[in-house]
file protein-v6.cif (mmCIF, C-alpha atoms)
data_query
#
loop_
_atom_site.group_PDB
_atom_site.id
_atom_site.type_symbol
_atom_site.label_atom_id
_atom_site.label_comp_id
_atom_site.auth_asym_id
_atom_site.auth_seq_id
_atom_site.Cartn_x
_atom_site.Cartn_y
_atom_site.Cartn_z
ATOM 1 C CA MET A 176 90.501 99.147 108.926
ATOM 2 C CA LYS A 177 92.871 98.844 111.874
ATOM 3 C CA ASP A 178 96.307 98.736 110.224
ATOM 4 C CA LEU A 179 98.047 99.668 107.006
ATOM 5 C CA THR A 180 100.957 97.271 106.636
ATOM 6 C CA GLY A 181 100.985 97.066 102.830
ATOM 7 C CA LEU A 182 99.012 97.551 99.622
ATOM 8 C CA SER A 183 99.046 93.897 98.605
ATOM 9 C CA GLY A 184 95.441 92.724 98.856
ATOM 10 C CA ILE A 185 93.988 96.181 99.520
ATOM 11 C CA SER A 186 90.889 96.800 97.402
ATOM 12 C CA ALA A 187 90.590 99.514 94.768
ATOM 13 C CA GLY A 188 87.685 100.976 96.737
ATOM 14 C CA ARG A 189 89.807 101.328 99.864
ATOM 15 C CA ILE A 190 92.660 102.955 97.957
ATOM 16 C CA ILE A 191 90.277 105.420 96.307
ATOM 17 C CA GLU A 192 88.751 106.204 99.707
ATOM 18 C CA ILE A 193 92.208 107.133 101.015
ATOM 19 C CA LEU A 194 92.995 109.215 97.920
ATOM 20 C CA ASP A 195 89.695 111.086 98.125
ATOM 21 C CA LYS A 196 90.218 111.861 101.796
ATOM 22 C CA ALA A 197 93.782 112.974 101.018
ATOM 23 C CA ALA A 198 92.434 115.432 98.430
ATOM 24 C CA VAL A 199 90.291 117.063 101.124
ATOM 25 C CA HIS A 200 93.234 117.236 103.508
ATOM 26 C CA LYS A 201 95.535 118.712 100.869
ATOM 27 C CA ASP A 202 93.110 121.601 100.403
ATOM 28 C CA LEU A 203 92.885 122.094 104.171
ATOM 29 C CA PHE A 204 96.670 121.913 104.517
ATOM 30 C CA LEU A 205 97.498 124.389 101.739
ATOM 31 C CA ASN A 206 94.803 126.983 102.478
ATOM 32 C CA THR A 207 95.948 128.877 105.562
ATOM 33 C CA GLU A 208 92.442 130.237 106.081
ATOM 34 C CA ASN A 209 91.111 126.740 106.710
ATOM 35 C CA VAL A 210 90.832 125.271 110.182
ATOM 36 C CA ILE A 211 91.862 121.611 110.125
ATOM 37 C CA PRO A 212 89.444 119.562 112.256
ATOM 38 C CA ARG A 213 91.275 118.143 115.282
ATOM 39 C CA THR A 214 89.772 114.697 114.813
ATOM 40 C CA LEU A 215 92.603 112.929 116.666
ATOM 41 C CA GLN A 216 92.761 115.290 119.633
ATOM 42 C CA GLY A 217 94.303 113.475 122.611
ATOM 43 C CA LYS A 218 95.606 110.511 120.604
ATOM 44 C CA ARG A 219 99.241 109.449 121.119
ATOM 45 C CA ILE A 220 101.147 108.232 118.063
ATOM 46 C CA VAL A 221 104.588 106.654 118.344
ATOM 47 C CA LEU A 222 106.915 107.337 115.421
ATOM 48 C CA ALA A 223 109.119 104.261 115.822
ATOM 49 C CA PHE A 224 111.853 104.650 113.237
ATOM 50 C CA PHE A 225 114.549 101.984 113.405
ATOM 51 C CA GLU A 226 116.047 103.468 110.212
ATOM 52 C CA ASN A 227 116.842 107.061 109.287
ATOM 53 C CA SER A 228 114.194 109.115 107.498
ATOM 54 C CA THR A 229 113.480 112.732 106.622
ATOM 55 C CA ARG A 230 110.400 113.099 104.393
ATOM 56 C CA THR A 231 108.422 110.160 105.768
ATOM 57 C CA ARG A 232 109.069 110.922 109.420
ATOM 58 C CA PHE A 233 108.394 114.651 109.221
ATOM 59 C CA SER A 234 105.276 114.241 107.091
ATOM 60 C CA PHE A 235 103.785 111.753 109.570
ATOM 61 C CA GLU A 236 104.609 114.143 112.406
ATOM 62 C CA ILE A 237 103.000 117.112 110.644
ATOM 63 C CA ALA A 238 99.984 114.986 109.709
ATOM 64 C CA ALA A 239 99.481 113.787 113.285
ATOM 65 C CA ARG A 240 99.870 117.237 114.797
ATOM 66 C CA ASN A 241 97.530 118.814 112.242
ATOM 67 C CA LEU A 242 94.860 116.401 113.458
ATOM 68 C CA GLY A 243 95.556 117.227 117.115
ATOM 69 C CA ALA A 244 97.480 114.085 118.031
ATOM 70 C CA VAL A 245 100.608 113.998 120.187
ATOM 71 C CA THR A 246 103.674 112.375 118.622
ATOM 72 C CA LEU A 247 106.337 110.446 120.511
ATOM 73 C CA ASN A 248 109.579 110.151 118.572
ATOM 74 C CA PHE A 249 111.485 106.918 118.996
ATOM 75 C CA SER A 250 115.113 106.503 117.916
ATOM 76 C CA ALA A 251 116.625 103.031 118.072
ATOM 77 C CA SER A 252 120.143 104.370 118.654
ATOM 78 C CA SER A 253 119.119 106.198 121.834
ATOM 79 C CA SER A 254 116.688 103.564 123.145
ATOM 80 C CA SER A 255 116.944 100.258 124.980
ATOM 81 C CA VAL A 256 117.172 98.542 121.588
ATOM 82 C CA SER A 257 120.841 99.566 121.633
ATOM 83 C CA LYS A 258 121.135 97.535 124.870
ATOM 84 C CA GLY A 259 119.685 94.397 123.293
ATOM 85 C CA GLU A 260 115.941 94.822 123.896
ATOM 86 C CA SER A 261 113.829 92.979 121.315
ATOM 87 C CA ILE A 262 111.397 94.791 119.069
ATOM 88 C CA VAL A 263 108.521 92.860 120.685
ATOM 89 C CA ASP A 264 109.513 94.027 124.171
ATOM 90 C CA THR A 265 109.978 97.577 122.907
ATOM 91 C CA ILE A 266 106.472 97.650 121.423
ATOM 92 C CA LYS A 267 104.888 96.055 124.497
ATOM 93 C CA ASN A 268 106.504 98.610 126.810
ATOM 94 C CA LEU A 269 105.403 101.526 124.653
ATOM 95 C CA GLU A 270 101.926 100.001 124.441
ATOM 96 C CA ALA A 271 101.808 99.933 128.260
ATOM 97 C CA MET A 272 102.190 103.717 128.204
ATOM 98 C CA GLN A 273 98.707 103.888 126.644
ATOM 99 C CA VAL A 274 99.699 104.993 123.162
ATOM 100 C CA ASP A 275 97.152 104.686 120.356
ATOM 101 C CA ALA A 276 99.212 103.876 117.262
ATOM 102 C CA PHE A 277 102.637 102.953 115.943
ATOM 103 C CA VAL A 278 104.168 104.262 112.750
ATOM 104 C CA ILE A 279 106.953 101.771 112.082
ATOM 105 C CA ARG A 280 110.054 101.935 109.902
ATOM 106 C CA HIS A 281 112.322 98.924 110.267
ATOM 107 C CA PRO A 282 115.110 97.296 108.223
ATOM 108 C CA SER A 283 113.519 93.824 108.476
ATOM 109 C CA SER A 284 110.938 92.797 105.875
ATOM 110 C CA GLY A 285 107.640 91.835 107.488
ATOM 111 C CA SER A 286 108.339 93.675 110.742
ATOM 112 C CA ALA A 287 105.243 95.893 110.503
ATOM 113 C CA GLU A 288 102.987 92.885 109.982
ATOM 114 C CA GLN A 289 104.667 91.126 112.912
ATOM 115 C CA ILE A 290 104.062 94.110 115.176
ATOM 116 C CA SER A 291 100.418 94.362 114.084
ATOM 117 C CA ARG A 292 99.900 90.802 115.365
ATOM 118 C CA ILE A 293 101.205 91.488 118.862
ATOM 119 C CA THR A 294 99.420 94.769 119.568
ATOM 120 C CA ASP A 295 95.829 95.922 119.617
ATOM 121 C CA LYS A 296 97.008 99.426 118.701
ATOM 122 C CA HIS A 297 96.961 100.716 115.142
ATOM 123 C CA VAL A 298 100.056 100.038 113.023
ATOM 124 C CA VAL A 299 101.185 101.922 109.934
ATOM 125 C CA ASN A 300 104.082 100.586 107.907
ATOM 126 C CA ALA A 301 106.489 103.429 107.059
ATOM 127 C CA GLY A 302 108.815 101.049 105.224
ATOM 128 C CA ASP A 303 109.969 97.561 106.212
ATOM 129 C CA GLY A 304 113.107 96.177 104.638
ATOM 130 C CA ILE A 305 112.553 95.413 100.950
ATOM 131 C CA HIS A 306 108.926 94.444 101.533
ATOM 132 C CA GLU A 307 106.548 97.449 101.279
ATOM 133 C CA HIS A 308 106.230 101.197 101.818
ATOM 134 C CA PRO A 309 102.472 101.716 101.399
ATOM 135 C CA THR A 310 102.149 105.425 102.191
ATOM 136 C CA GLN A 311 104.928 106.314 99.745
ATOM 137 C CA ALA A 312 103.093 104.414 97.017
ATOM 138 C CA LEU A 313 99.813 106.064 97.980
ATOM 139 C CA LEU A 314 101.319 109.529 97.668
ATOM 140 C CA ASP A 315 102.846 108.555 94.317
ATOM 141 C CA ILE A 316 99.475 107.261 93.142
ATOM 142 C CA PHE A 317 97.749 110.397 94.473
ATOM 143 C CA THR A 318 100.218 112.551 92.506
ATOM 144 C CA LEU A 319 99.684 110.527 89.326
ATOM 145 C CA ARG A 320 95.905 110.633 89.696
ATOM 146 C CA ASN A 321 96.011 114.420 90.068
ATOM 147 C CA TYR A 322 97.875 114.604 86.771
ATOM 148 C CA PHE A 323 96.038 111.971 84.708
ATOM 149 C CA GLY A 324 92.590 112.146 86.290
ATOM 150 C CA SER A 325 92.162 108.376 86.056
ATOM 151 C CA LEU A 326 94.874 105.735 86.227
ATOM 152 C CA GLN A 327 92.884 103.222 84.199
ATOM 153 C CA GLY A 328 95.159 102.276 81.296
ATOM 154 C CA ALA A 329 97.916 104.757 82.221
ATOM 155 C CA LYS A 330 101.401 103.408 81.521
ATOM 156 C CA ILE A 331 103.680 103.909 84.512
ATOM 157 C CA MET A 332 107.349 102.959 84.370
ATOM 158 C CA ILE A 333 109.285 102.218 87.561
ATOM 159 C CA LEU A 334 112.972 102.724 86.835
ATOM 160 C CA GLY A 335 115.898 101.515 88.907
ATOM 161 C CA ASP A 336 116.717 98.971 91.590
ATOM 162 C CA ILE A 337 113.467 96.998 91.614
ATOM 163 C CA LEU A 338 115.010 94.060 93.470
ATOM 164 C CA HIS A 339 115.652 95.954 96.715
ATOM 165 C CA SER A 340 112.840 98.520 96.507
ATOM 166 C CA ARG A 341 109.894 98.447 98.903
ATOM 167 C CA VAL A 342 108.584 101.534 97.067
ATOM 168 C CA ALA A 343 108.469 99.602 93.783
ATOM 169 C CA ARG A 344 106.521 96.701 95.287
ATOM 170 C CA SER A 345 103.882 98.880 96.933
ATOM 171 C CA ASN A 346 103.493 100.931 93.752
ATOM 172 C CA ILE A 347 103.095 97.809 91.632
ATOM 173 C CA PHE A 348 100.362 96.498 93.944
ATOM 174 C CA GLY A 349 98.523 99.828 94.175
ATOM 175 C CA LEU A 350 98.804 100.920 90.558
ATOM 176 C CA THR A 351 97.747 97.596 89.060
ATOM 177 C CA THR A 352 94.800 97.444 91.470
ATOM 178 C CA LEU A 353 93.609 100.782 90.068
ATOM 179 C CA GLY A 354 93.923 99.584 86.476
ATOM 180 C CA ALA A 355 97.253 101.141 85.475
ATOM 181 C CA GLN A 356 99.724 99.316 83.274
ATOM 182 C CA VAL A 357 103.049 99.045 85.096
ATOM 183 C CA GLY A 358 106.429 98.512 83.508
ATOM 184 C CA ILE A 359 109.677 97.972 85.376
ATOM 185 C CA CYS A 360 113.028 98.922 83.895
ATOM 186 C CA SER A 361 116.277 97.763 85.413
ATOM 187 C CA PRO A 362 119.509 95.933 84.754
ATOM 188 C CA VAL A 363 118.891 92.184 84.868
ATOM 189 C CA SER A 364 120.931 91.991 88.077
ATOM 190 C CA LEU A 365 118.432 94.277 89.841
ATOM 191 C CA LEU A 366 115.222 92.515 88.735
ATOM 192 C CA PRO A 367 113.360 90.405 91.336
ATOM 193 C CA ALA A 368 113.040 86.667 90.867
ATOM 194 C CA ASP A 369 109.223 86.829 91.080
ATOM 195 C CA THR A 370 108.844 89.254 88.148
ATOM 196 C CA ASN A 371 106.457 86.945 86.294
ATOM 197 C CA SER A 372 103.991 86.945 89.192
ATOM 198 C CA LEU A 373 103.829 90.737 89.524
ATOM 199 C CA GLY A 374 101.733 91.403 86.411
ATOM 200 C CA VAL A 375 104.125 93.961 84.959
ATOM 201 C CA SER A 376 105.953 94.561 81.689
ATOM 202 C CA VAL A 377 109.717 94.155 81.965
ATOM 203 C CA PHE A 378 112.253 96.364 80.176
ATOM 204 C CA THR A 379 116.015 96.136 80.265
ATOM 205 C CA SER A 380 116.358 98.997 77.745
ATOM 206 C CA ILE A 381 115.558 102.422 79.148
ATOM 207 C CA ASP A 382 114.890 103.756 75.650
ATOM 208 C CA ASP A 383 112.207 101.107 75.072
ATOM 209 C CA ALA A 384 110.689 101.872 78.475
ATOM 210 C CA ILE A 385 110.554 105.610 77.745
ATOM 211 C CA ARG A 386 108.826 105.005 74.404
ATOM 212 C CA TRP A 387 106.212 102.878 76.214
ATOM 213 C CA ALA A 388 105.551 104.961 79.333
ATOM 214 C CA ASP A 389 103.396 107.980 80.180
ATOM 215 C CA ALA A 390 105.200 108.613 83.473
ATOM 216 C CA ALA A 391 108.312 107.453 85.281
ATOM 217 C CA ILE A 392 108.842 106.730 88.953
ATOM 218 C CA VAL A 393 112.628 106.880 89.295
ATOM 219 C CA LEU A 394 114.038 104.967 92.257
ATOM 220 C CA ARG A 395 117.055 105.960 94.308
ATOM 221 C CA LEU A 396 120.040 103.838 93.423
ATOM 222 C CA GLN A 397 121.359 102.453 96.678
ATOM 223 C CA LEU A 398 125.022 103.278 96.196
ATOM 224 C CA GLU A 399 126.224 100.203 98.051
ATOM 225 C CA ARG A 400 124.921 98.041 95.185
ATOM 226 C CA THR A 401 128.085 98.676 93.180
ATOM 227 C CA THR A 402 130.247 97.155 95.890
ATOM 228 C CA GLY A 403 127.809 94.289 96.374
ATOM 229 C CA GLY A 404 128.446 92.950 92.883
ATOM 230 C CA TYR A 405 125.098 94.000 91.414
ATOM 231 C CA LEU A 406 126.555 96.670 89.108
ATOM 232 C CA PRO A 407 129.901 97.227 87.393
ATOM 233 C CA SER A 408 130.050 100.882 88.478
ATOM 234 C CA LEU A 409 127.962 103.976 89.137
ATOM 235 C CA GLU A 410 129.175 105.419 85.858
ATOM 236 C CA ASP A 411 127.938 102.371 83.977
ATOM 237 C CA TYR A 412 124.531 102.609 85.653
ATOM 238 C CA SER A 413 124.210 106.328 84.962
ATOM 239 C CA LEU A 414 125.188 105.849 81.323
ATOM 240 C CA ASN A 415 122.699 103.026 80.705
ATOM 241 C CA TYR A 416 119.816 103.783 83.109
ATOM 242 C CA GLY A 417 120.051 107.435 84.138
ATOM 243 C CA LEU A 418 117.015 109.529 83.158
ATOM 244 C CA THR A 419 118.443 112.536 81.310
ATOM 245 C CA ASP A 420 117.375 115.243 78.882
ATOM 246 C CA GLU A 421 119.482 113.618 76.192
ATOM 247 C CA ARG A 422 117.469 110.390 76.376
ATOM 248 C CA LEU A 423 114.117 112.160 76.421
ATOM 249 C CA GLU A 424 115.054 114.474 73.580
ATOM 250 C CA LYS A 425 116.334 111.583 71.468
ATOM 251 C CA ILE A 426 112.976 109.825 71.778
ATOM 252 C CA ARG A 427 111.005 113.108 71.827
ATOM 253 C CA LYS A 428 108.694 111.757 74.488
ATOM 254 C CA HIS A 429 107.201 113.999 77.155
ATOM 255 C CA MET A 430 107.462 112.344 80.553
ATOM 256 C CA LEU A 431 105.970 113.058 83.972
ATOM 257 C CA VAL A 432 108.739 112.294 86.474
ATOM 258 C CA LEU A 433 108.426 111.199 90.100
ATOM 259 C CA HIS A 434 111.062 110.164 92.634
ATOM 260 C CA PRO A 435 110.563 109.081 96.274
ATOM 261 C CA GLY A 436 113.779 110.807 97.377
ATOM 262 C CA PRO A 437 116.435 111.316 98.379
ATOM 263 C CA ILE A 438 117.862 111.647 94.878
ATOM 264 C CA ASN A 439 121.369 110.896 93.665
ATOM 265 C CA ARG A 440 121.852 113.689 91.143
ATOM 266 C CA GLU A 441 123.534 112.754 87.873
ATOM 267 C CA ILE A 442 123.336 109.048 88.725
ATOM 268 C CA GLU A 443 119.737 107.811 88.435
ATOM 269 C CA ILE A 444 118.414 111.191 87.313
ATOM 270 C CA SER A 445 119.927 114.400 85.961
ATOM 271 C CA SER A 446 119.478 117.685 87.778
ATOM 272 C CA ASN A 447 117.669 119.141 84.776
ATOM 273 C CA VAL A 448 115.053 116.398 84.830
ATOM 274 C CA ALA A 449 114.755 116.398 88.623
ATOM 275 C CA ASP A 450 114.234 120.153 88.842
ATOM 276 C CA ARG A 451 112.157 120.924 85.729
ATOM 277 C CA ILE A 452 108.648 121.956 86.666
ATOM 278 C CA GLN A 453 108.049 124.185 83.609
ATOM 279 C CA PRO A 454 108.744 123.779 79.877
ATOM 280 C CA PRO A 455 110.751 123.843 77.695
ATOM 281 C CA GLY A 456 111.852 120.252 77.805
ATOM 282 C CA TYR A 457 110.475 116.756 77.469
ATOM 283 C CA SER A 458 109.784 116.232 81.166
ATOM 284 C CA LYS A 459 107.851 117.669 84.073
ATOM 285 C CA SER A 460 109.081 117.018 87.614
ATOM 286 C CA VAL A 461 106.599 116.629 90.463
ATOM 287 C CA LEU A 462 109.182 115.712 93.109
ATOM 288 C CA LEU A 463 108.344 118.561 95.483
ATOM 289 C CA GLU A 464 104.629 118.164 94.853
ATOM 290 C CA GLN A 465 105.039 114.564 96.014
ATOM 291 C CA VAL A 466 106.412 115.808 99.335
ATOM 292 C CA THR A 467 103.379 118.051 99.875
ATOM 293 C CA ASN A 468 101.072 115.228 98.836
ATOM 294 C CA GLY A 469 102.794 112.975 101.356
ATOM 295 C CA VAL A 470 101.482 115.092 104.220
ATOM 296 C CA ALA A 471 97.941 114.935 102.806
ATOM 297 C CA VAL A 472 98.025 111.176 102.246
ATOM 298 C CA ARG A 473 99.466 110.409 105.675
ATOM 299 C CA THR A 474 96.917 112.697 107.295
ATOM 300 C CA ALA A 475 94.179 110.739 105.538
ATOM 301 C CA VAL A 476 95.629 107.384 106.594
ATOM 302 C CA LEU A 477 95.975 108.378 110.248
ATOM 303 C CA GLU A 478 92.465 109.805 110.365
ATOM 304 C CA MET A 479 90.955 106.723 108.733
ATOM 305 C CA LEU A 480 92.739 104.339 111.102
ATOM 306 C CA LEU A 481 92.480 106.179 114.404
ATOM 307 C CA GLY A 482 89.182 107.907 113.815
ATOM 308 C CA GLY A 483 87.203 104.757 113.008
ATOM 309 C CA ALA A 484 86.346 101.382 114.448
ATOM 310 C CA THR A 485 89.019 99.145 115.967
ATOM 311 C CA THR A 486 87.975 95.886 114.326
ATOM 312 C CA LYS A 487 91.234 94.301 113.181
ATOM 313 C CA THR A 488 91.611 93.998 109.403
ATOM 314 C CA HIS A 489 94.525 94.118 106.961
#
call {"tool": "encode", "arguments": {"input": "protein-v6.cif", "output": "structure tokens"}}
result
Amino acid sequence: MKDLTGLSGISAGRIIEILDKAAVHKDLFLNTENVIPRTLQGKRIVLAFFENSTRTRFSFEIAARNLGAVTLNFSASSSSVSKGESIVDTIKNLEAMQVDAFVIRHPSSGSAEQISRITDKHVVNAGDGIHEHPTQALLDIFTLRNYFGSLQGAKIMILGDILHSRVARSNIFGLTTLGAQVGICSPVSLLPADTNSLGVSVFTSIDDAIRWADAAIVLRLQLERTTGGYLPSLEDYSLNYGLTDERLEKIRKHMLVLHPGPINREIEISSNVADRIQPPGYSKSVLLEQVTNGVAVRTAVLEMLLGGATTKTH
């Protein structure tokens, strides 16, 4: 396995291999008495983020450094990209500096796959446009597997702006591959046109989705959607699709709650639901656990890619 550009087409066995390795790395990461093997000592990993990021960028940096790799942080605003250099030329010049891998975040869908075709170095997609965000989905799946044990038959709702969400697409691909039932819940205006081909249940009523689901992955509402004509207002969205105690208590359904962050409090999710890690209440938040799990999953991905053979596969 040379690259990880998406979860579409990735086998269940490969996903489980990543999750199992992540479990080992989580134990190493959390236990300060452990010595993390420096399996990537001397490797150089470029964190090429053409979009802003906090959790994803820092977790990749921690993961790389835990394994002994050197990270090179790339910012488009302070690079030659701001002078008109193409992404291909940028990658080729960095490649000439004898780096070993690229972790790419880019606003254009398909950019990670494009880069993987022009370089012999390893490529990890850290989010490309509205296409995929595979490591976010893997950490979500890792978190869900820790809670449920097996995802076979588990009912996972993805709530929010499905149309523009790379997180939703990667989760749909990964979860269905592992045998979970996936439901998407959204206003009709924020549902993708290819819904029928995704193998998911579709809900436009959040109450119906809550009754159906065992867990909810709540997506960040991109606030610009209200001005783009997708939604009447933020208030309307919060009223009809916000995950709140009132909704959960009305249905009396206990819900495991995930969110990729950053969260818009009191819009897509209430503070009570976002912050509740202990009863009483009809929800359990694992938002901060997801962040910790992100380091473990990204450590596993980097080790699997850079520590193995270089035969090119996707």
call {"tool": "residues_around", "arguments": {"input": "protein-v6.cif", "residues": "Lys296 (chain A)", "least_positions_apart": "2", "cutoff": "7 Å", "atoms": "all atoms listed in the file", "output": "NGL selection string"}}
result
:A and (275-276 or 294 or 298)
call {"tool": "resolve_selection", "arguments": {"input": "protein-v6.cif", "expression": "the PyMOL selection byres ((chain A and resi 461) around 7)", "output": "ChimeraX atom specification"}}
result
/A:432-433,452,459-460,462-465
call {"tool": "write_last_selection", "arguments": {"input": "protein-v6.cif", "atoms": "C-alpha atoms", "output": "PDB file, keeping the file's coordinate frame"}}
result
ATOM      1  CA  VAL A 432     108.739 112.294  86.474  1.00  0.00           C
ATOM      2  CA  LEU A 433     108.426 111.199  90.100  1.00  0.00           C
ATOM      3  CA  ILE A 452     108.648 121.956  86.666  1.00  0.00           C
ATOM      4  CA  LYS A 459     107.851 117.669  84.073  1.00  0.00           C
ATOM      5  CA  SER A 460     109.081 117.018  87.614  1.00  0.00           C
ATOM      6  CA  LEU A 462     109.182 115.712  93.109  1.00  0.00           C
ATOM      7  CA  LEU A 463     108.344 118.561  95.483  1.00  0.00           C
ATOM      8  CA  GLU A 464     104.629 118.164  94.853  1.00  0.00           C
ATOM      9  CA  GLN A 465     105.039 114.564  96.014  1.00  0.00           C
TER      10      GLN A 465
END
call {"tool": "atom_distance", "arguments": {"input": "protein-v6.cif", "atom1": "CA of Ala223 (chain A)", "atom2": "CA of Val278 (chain A)"}}
result
5.8 Å
call {"tool": "resolve_selection", "arguments": {"input": "protein-v6.cif", "expression": "the PyMOL selection byres ((chain A and resi 242) around 12)", "output": "ChimeraX atom specification"}}
result
/A:200,203-204,210-220,235-241,243-246,470-471,473-479,481-482
call {"tool": "atom_distance", "arguments": {"input": "protein-v6.cif", "atom1": "CA of Ile442 (chain A)", "atom2": "CA of Arg395 (chain A)"}}
result
9.0 Å
call {"tool": "residues_around", "arguments": {"input": "protein-v6.cif", "residues": "region 406-417 of chain A", "least_positions_apart": "3", "cutoff": "6 Å", "atoms": "all atoms listed in the file", "output": "PyMOL selection string"}}
result
chain A and resi 381+401+442-444
call {"tool": "residues_around", "arguments": {"input": "protein-v6.cif", "residues": "Ala329 (chain A)", "least_positions_apart": "5", "cutoff": "9 Å", "atoms": "only C-alpha atoms", "output": "ChimeraX atom specification"}}
result
/A:323,354-357,388-390
call {"tool": "closest_residue", "arguments": {"input": "protein-v6.cif", "among": "A:Ser291, A:Asn439, A:Asn248, A:Ser446", "to": "Lys267 (chain A)", "atoms": "only C-alpha atoms"}}
result
A:Ser291
call {"tool": "closest_residue", "arguments": {"input": "protein-v6.cif", "among": "A:Gly328, A:Gly436, A:Leu396, A:Tyr405", "to": "Ser364 (chain A)", "atoms": "only C-alpha atoms"}}
result
A:Tyr405
call {"tool": "residues_near_point", "arguments": {"input": "protein-v6.cif", "point": "(114.7, 110.0, 80.5)", "cutoff": "8 Å", "atoms": "only C-alpha atoms", "output": "PyMOL selection string"}}
result
chain A and resi 381-382+385+417-423+430+444+448+458
call {"tool": "resolve_selection", "arguments": {"input": "protein-v6.cif", "expression": "the PyMOL selection byres ((chain A and resi 176-185) around 9)", "output": "mmCIF file with C-alpha atoms, keeping the file's coordinate frame"}}
result
data_model
loop_
_atom_site.group_PDB
_atom_site.id
_atom_site.type_symbol
_atom_site.label_atom_id
_atom_site.label_comp_id
_atom_site.auth_asym_id
_atom_site.auth_seq_id
_atom_site.Cartn_x
_atom_site.Cartn_y
_atom_site.Cartn_z
ATOM 1 C CA SER A 186 90.889 96.800 97.402
ATOM 2 C CA ALA A 187 90.590 99.514 94.768
ATOM 3 C CA GLY A 188 87.685 100.976 96.737
ATOM 4 C CA ARG A 189 89.807 101.328 99.864
ATOM 5 C CA ILE A 190 92.660 102.955 97.957
ATOM 6 C CA GLY A 285 107.640 91.835 107.488
ATOM 7 C CA ALA A 287 105.243 95.893 110.503
ATOM 8 C CA GLU A 288 102.987 92.885 109.982
ATOM 9 C CA SER A 291 100.418 94.362 114.084
ATOM 10 C CA ASP A 295 95.829 95.922 119.617
ATOM 11 C CA LYS A 296 97.008 99.426 118.701
ATOM 12 C CA HIS A 297 96.961 100.716 115.142
ATOM 13 C CA VAL A 298 100.056 100.038 113.023
ATOM 14 C CA VAL A 299 101.185 101.922 109.934
ATOM 15 C CA ASN A 300 104.082 100.586 107.907
ATOM 16 C CA ALA A 301 106.489 103.429 107.059
ATOM 17 C CA GLY A 302 108.815 101.049 105.224
ATOM 18 C CA HIS A 306 108.926 94.444 101.533
ATOM 19 C CA GLU A 307 106.548 97.449 101.279
ATOM 20 C CA HIS A 308 106.230 101.197 101.818
ATOM 21 C CA PRO A 309 102.472 101.716 101.399
ATOM 22 C CA THR A 310 102.149 105.425 102.191
ATOM 23 C CA ALA A 312 103.093 104.414 97.017
ATOM 24 C CA LEU A 313 99.813 106.064 97.980
ATOM 25 C CA ARG A 344 106.521 96.701 95.287
ATOM 26 C CA SER A 345 103.882 98.880 96.933
ATOM 27 C CA ASN A 346 103.493 100.931 93.752
ATOM 28 C CA ILE A 347 103.095 97.809 91.632
ATOM 29 C CA PHE A 348 100.362 96.498 93.944
ATOM 30 C CA GLY A 349 98.523 99.828 94.175
ATOM 31 C CA THR A 352 94.800 97.444 91.470
ATOM 32 C CA VAL A 476 95.629 107.384 106.594
ATOM 33 C CA MET A 479 90.955 106.723 108.733
ATOM 34 C CA LEU A 480 92.739 104.339 111.102
ATOM 35 C CA LEU A 481 92.480 106.179 114.404
ATOM 36 C CA GLY A 483 87.203 104.757 113.008
ATOM 37 C CA ALA A 484 86.346 101.382 114.448
ATOM 38 C CA THR A 485 89.019 99.145 115.967
ATOM 39 C CA THR A 486 87.975 95.886 114.326
ATOM 40 C CA LYS A 487 91.234 94.301 113.181
ATOM 41 C CA THR A 488 91.611 93.998 109.403
ATOM 42 C CA HIS A 489 94.525 94.118 106.961
#
call {"tool": "atom_distance", "arguments": {"input": "protein-v6.cif", "atom1": "CA of Thr231 (chain A)", "atom2": "CA of Ala368 (chain A)"}}
result
28.2 Å
call {"tool": "closest_residue", "arguments": {"input": "protein-v6.cif", "among": "A:Leu338, A:Ala391, A:Leu247, A:Val199", "to": "Phe277 (chain A)", "atoms": "all atoms listed in the file"}}
result
A:Leu247
